[in-house]
Amino acid sequence: MRRARRYLFFVGLFLFLIACQRVASTPRLQNETLACPVQYELARIENGNAQQIIEHLAYTVSYNPMWKIPNWVAYSLTREETYGDVPREKRFSPDPMVKGERVTHQDYTNSGYDRGHMAPAGDMKWSEQAMRESFYMSNICPQNHNLNGGDWKALEELARDWARKYDEVFIACGPIVYPGYSTIGNEHSIAVPSAFYKVFLRKTASSWASIGFVFQNEPGHKPLLTYVASVNEIEELTGIDFFYNLPDDIEEQVESDYDISYWIVARNTALQKQ
């Protein structure tokens with residue numbers, strides 16, 4: 001009997017792994033429940049940058065131990081996750097999963113830069129753990145105060161509108177760091193980005209749609225449409241391959257251009273004026 005149970009266990013495990021493999025090669029349909037959902041939001045480095053991949057509850061980060069900031073942060077945002085009521089975390093903390101030196105919140109003190117979230121706290125109100133982990137320093141970059149509280153924040157709010165209207169959006173964002181970058185840090189040298197990017201992917205009625213944004217790390221207050229770029233253009237800027245879990249033909253099609261009509265929401269004036 002024990003041998004039979006062991007045999008059935010391994011047969012079941014084998015069938016489960018086969019099912020996962022099939023799911024990984026098939027685009028996930030909207031509202032479809034899968035045992036092994038494809039993480040369409042994930043990116044991969046193609047520019048040779050150093051990285052440590054860290055998975056937290058709500059987001060995945062490619063952490064750059066040389067820059068002491070992420071290469072990219074990726075996560076999906078669903079309609080349900082935009083309606084949480086968990087209060088905002090009050091403390092920034094070193095990421096316990098970072099190997100080697102760990103940035104602390106004191107490294108940003110009197111630096112002239114905000115501790116700018118990549119995966120925003122406003123998207124993490126559905127879970128105390130997700131909220132707490134969004135304040136890990138591996139999710140933070142030196143960001144101009146005006147940008148952090150202005151146009152960058154406006155795009156975060158628009159992303160939540162998209163999640164509510166389209167059920168789910170896949171998001172990747174991070175810094176653009178050029179050679180000769182400056183640094184901050186009381187104990188650790190943290191790279192100051194020249195710019196930031198954020199890219200979005202969603203399922204449409206018949207296919208997929210993507211759009212990207214690039215912000216200089218400086219003061220400014222412009223219509224969000226000013227910052228729009230195709231995902232392919234941002235891949236050229238960063239050397240990062242976004243949404244690589246899409247089938248190649250679909251990925252190339254949706255990343256080569258963007259169509260604003262796929263991203264219209266009731267308060268879409270945020271794209272045009274502020």
# chains A, B, ... in the order shown; residues from 1 in each chain; ligands from 1
$ select_by_dssp --residues "stretch 59-209 of chain A" --states "alpha helix (DSSP H)" --output "JSON, numbers by chain"
{"A": [128, 129, 130, 131, 132, 133, 134, 145, 146, 147, 148, 151, 152, 153, 154, 155, 156, 157, 158, 159, 160, 161, 162, 163, 164, 165, 166]}
$ closest_atom_pairs --of "stretch 66-99 of chain A" --to "stretch 143-164 of chain A" --cutoff "7 Å" --atoms "only C-alpha atoms" --output "JSON lines"
{"residue": "A:Leu77", "atom": "CA", "partner": "A:Ala163", "partner_atom": "CA", "distance": 6.2}
{"residue": "A:Thr78", "atom": "CA", "partner": "A:Ala163", "partner_atom": "CA", "distance": 5.4}
{"residue": "A:Arg79", "atom": "CA", "partner": "A:Arg164", "partner_atom": "CA", "distance": 4.4}
{"residue": "A:Thr82", "atom": "CA", "partner": "A:Arg160", "partner_atom": "CA", "distance": 6.3}
$ residues_around --residues "A:Ile54" --least-positions-apart "3" --cutoff "9 Å" --atoms "only C-alpha atoms" --output "ChimeraX atom specification"
/A:59-63,97-98
$ write_last_selection --atoms "N, CA and C atoms" --output "compact mmCIF listing (two decimals), in the first residue's frame"
# COMPACT_ATOMS: atom_id res chain seq x y z
N TYR A 59 6.26 41.78 -5.60
CA TYR A 59 7.09 42.22 -6.73
C TYR A 59 8.39 41.42 -6.78
N THR A 60 9.00 41.46 -7.95
CA THR A 60 10.33 40.87 -8.16
C THR A 60 11.28 42.00 -8.51
N VAL A 61 12.49 41.95 -7.94
CA VAL A 61 13.47 42.99 -8.20
C VAL A 61 14.75 42.37 -8.73
N SER A 62 15.31 43.00 -9.77
CA SER A 62 16.66 42.72 -10.21
C SER A 62 17.54 43.78 -9.56
N TYR A 63 18.20 43.40 -8.47
CA TYR A 63 18.97 44.36 -7.68
C TYR A 63 20.40 44.42 -8.19
N MET A 97 17.07 40.15 2.06
CA MET A 97 17.45 39.15 1.06
C MET A 97 18.61 39.61 0.17
N VAL A 98 19.03 40.86 0.31
CA VAL A 98 20.17 41.35 -0.46
C VAL A 98 21.45 40.72 0.07
$ select_by_dssp --residues "stretch 108-176 of chain A" --states "strand (DSSP E or B)" --output "list in words"
Asp114, Arg115, Gly116, His117, Tyr136, Ile140, Cys141, Pro142, Gln143, Glu168, Val169, Phe170, Ile171, Ala172, Cys173, Gly174, Pro175 and Ile176 of chain A
$ write_last_selection --atoms "N, CA, C and O atoms" --output "PDB file, in the first residue's frame"
ATOM      1  N   ASP A 114      14.792  62.299  -2.857  1.00  0.00           N
ATOM      2  CA  ASP A 114      13.789  61.478  -2.184  1.00  0.00           C
ATOM      3  C   ASP A 114      14.172  60.012  -2.247  1.00  0.00           C
ATOM      4  O   ASP A 114      14.934  59.582  -3.127  1.00  0.00           O
ATOM      5  N   ARG A 115      13.607  59.242  -1.312  1.00  0.00           N
ATOM      6  CA  ARG A 115      13.663  57.786  -1.413  1.00  0.00           C
ATOM      7  C   ARG A 115      12.490  57.380  -2.312  1.00  0.00           C
ATOM      8  O   ARG A 115      11.368  57.206  -1.856  1.00  0.00           O
ATOM      9  N   GLY A 116      12.766  57.260  -3.596  1.00  0.00           N
ATOM     10  CA  GLY A 116      11.704  57.063  -4.580  1.00  0.00           C
ATOM     11  C   GLY A 116      11.357  55.601  -4.776  1.00  0.00           C
ATOM     12  O   GLY A 116      12.208  54.798  -5.172  1.00  0.00           O
ATOM     13  N   HIS A 117      10.095  55.243  -4.509  1.00  0.00           N
ATOM     14  CA  HIS A 117       9.627  53.872  -4.726  1.00  0.00           C
ATOM     15  C   HIS A 117       9.588  53.554  -6.220  1.00  0.00           C
ATOM     16  O   HIS A 117       9.150  54.373  -7.026  1.00  0.00           O
ATOM     17  N   TYR A 136      11.426  48.214   1.423  1.00  0.00           N
ATOM     18  CA  TYR A 136      12.800  47.723   1.402  1.00  0.00           C
ATOM     19  C   TYR A 136      13.630  48.613   0.482  1.00  0.00           C
ATOM     20  O   TYR A 136      13.165  49.036  -0.592  1.00  0.00           O
ATOM     21  N   ILE A 140      14.059  51.055  -3.902  1.00  0.00           N
ATOM     22  CA  ILE A 140      14.160  52.511  -3.790  1.00  0.00           C
ATOM     23  C   ILE A 140      15.301  53.045  -4.644  1.00  0.00           C
ATOM     24  O   ILE A 140      16.341  52.412  -4.771  1.00  0.00           O
ATOM     25  N   CYS A 141      15.096  54.249  -5.214  1.00  0.00           N
ATOM     26  CA  CYS A 141      16.130  54.946  -5.973  1.00  0.00           C
ATOM     27  C   CYS A 141      16.189  56.412  -5.553  1.00  0.00           C
ATOM     28  O   CYS A 141      15.169  56.979  -5.143  1.00  0.00           O
ATOM     29  N   PRO A 142      17.357  57.056  -5.670  1.00  0.00           N
ATOM     30  CA  PRO A 142      17.416  58.510  -5.451  1.00  0.00           C
ATOM     31  C   PRO A 142      16.606  59.220  -6.535  1.00  0.00           C
ATOM     32  O   PRO A 142      16.909  59.096  -7.720  1.00  0.00           O
ATOM     33  N   GLN A 143      15.570  59.933  -6.143  1.00  0.00           N
ATOM     34  CA  GLN A 143      14.651  60.527  -7.104  1.00  0.00           C
ATOM     35  C   GLN A 143      14.404  61.994  -6.751  1.00  0.00           C
ATOM     36  O   GLN A 143      14.244  62.343  -5.580  1.00  0.00           O
ATOM     37  N   GLU A 168      -6.304  43.725 -14.953  1.00  0.00           N
ATOM     38  CA  GLU A 168      -4.920  43.472 -14.552  1.00  0.00           C
ATOM     39  C   GLU A 168      -3.967  44.151 -15.524  1.00  0.00           C
ATOM     40  O   GLU A 168      -4.198  44.157 -16.727  1.00  0.00           O
ATOM     41  N   VAL A 169      -2.911  44.739 -14.981  1.00  0.00           N
ATOM     42  CA  VAL A 169      -1.836  45.273 -15.812  1.00  0.00           C
ATOM     43  C   VAL A 169      -0.517  44.719 -15.294  1.00  0.00           C
ATOM     44  O   VAL A 169      -0.359  44.453 -14.093  1.00  0.00           O
ATOM     45  N   PHE A 170       0.418  44.528 -16.218  1.00  0.00           N
ATOM     46  CA  PHE A 170       1.752  44.039 -15.883  1.00  0.00           C
ATOM     47  C   PHE A 170       2.722  45.211 -16.018  1.00  0.00           C
ATOM     48  O   PHE A 170       2.723  45.905 -17.039  1.00  0.00           O
ATOM     49  N   ILE A 171       3.546  45.416 -14.995  1.00  0.00           N
ATOM     50  CA  ILE A 171       4.334  46.637 -14.877  1.00  0.00           C
ATOM     51  C   ILE A 171       5.795  46.303 -14.594  1.00  0.00           C
ATOM     52  O   ILE A 171       6.095  45.430 -13.773  1.00  0.00           O
ATOM     53  N   ALA A 172       6.693  47.009 -15.270  1.00  0.00           N
ATOM     54  CA  ALA A 172       8.119  46.955 -14.943  1.00  0.00           C
ATOM     55  C   ALA A 172       8.644  48.383 -14.961  1.00  0.00           C
ATOM     56  O   ALA A 172       8.263  49.192 -15.815  1.00  0.00           O
ATOM     57  N   CYS A 173       9.503  48.703 -14.016  1.00  0.00           N
ATOM     58  CA  CYS A 173      10.023  50.067 -13.939  1.00  0.00           C
ATOM     59  C   CYS A 173      11.405  50.045 -13.308  1.00  0.00           C
ATOM     60  O   CYS A 173      11.832  49.050 -12.724  1.00  0.00           O
ATOM     61  N   GLY A 174      12.100  51.174 -13.431  1.00  0.00           N
ATOM     62  CA  GLY A 174      13.425  51.254 -12.842  1.00  0.00           C
ATOM     63  C   GLY A 174      14.185  52.476 -13.305  1.00  0.00           C
ATOM     64  O   GLY A 174      13.650  53.344 -14.000  1.00  0.00           O
ATOM     65  N   PRO A 175      15.461  52.539 -12.964  1.00  0.00           N
ATOM     66  CA  PRO A 175      16.288  53.697 -13.289  1.00  0.00           C
ATOM     67  C   PRO A 175      17.018  53.528 -14.617  1.00  0.00           C
ATOM     68  O   PRO A 175      17.223  52.408 -15.105  1.00  0.00           O
ATOM     69  N   ILE A 176      17.426  54.646 -15.176  1.00  0.00           N
ATOM     70  CA  ILE A 176      18.360  54.660 -16.304  1.00  0.00           C
ATOM     71  C   ILE A 176      19.623  55.334 -15.791  1.00  0.00           C
ATOM     72  O   ILE A 176      19.600  56.505 -15.404  1.00  0.00           O
TER      73      ILE A 176
END
$ residues_around --residues "A:Asn139" --least-positions-apart "5" --cutoff "7 Å" --atoms "only C-alpha atoms" --output "list of chain:residue names"
A:Pro70, A:His117, A:Met118, A:Ala119, A:Ser134
$ atom_distance --atom1 "atom CA of A:Ala50" --atom2 "atom CA of A:Met66"
6.9 Å
$ atom_distance --atom1 "atom CA of A:Pro94" --atom2 "atom CA of A:Gly122"
19.8 Å
$ closest_residue --among "A:Tyr113, A:Tyr197, A:Tyr166, A:Trp72" --to "A:Glu218" --atoms "only C-alpha atoms"
A:Tyr113
$ closest_residue --among "A:Pro87, A:Pro96, A:Pro193, A:Gly48" --to "A:Tyr181" --atoms "only C-alpha atoms"
A:Pro193
$ atom_distance --atom1 "atom CA of A:Tyr244" --atom2 "atom CA of A:Ile45"
10.8 Å
$ residues_around --residues "stretch 229-243 of chain A" --least-positions-apart "5" --cutoff "8 Å" --atoms "only C-alpha atoms" --output "list in words"
Tyr40, Glu41, Leu42, Ala43, Arg44, Ile45, Glu46, Asn47, Ala172, Ile176, Tyr197, Val199, Leu201, Ser210, Ile211, Gly212, Phe213, Val214, Glu251, Glu255, Ser256, Asp257 and Tyr258 of chain A
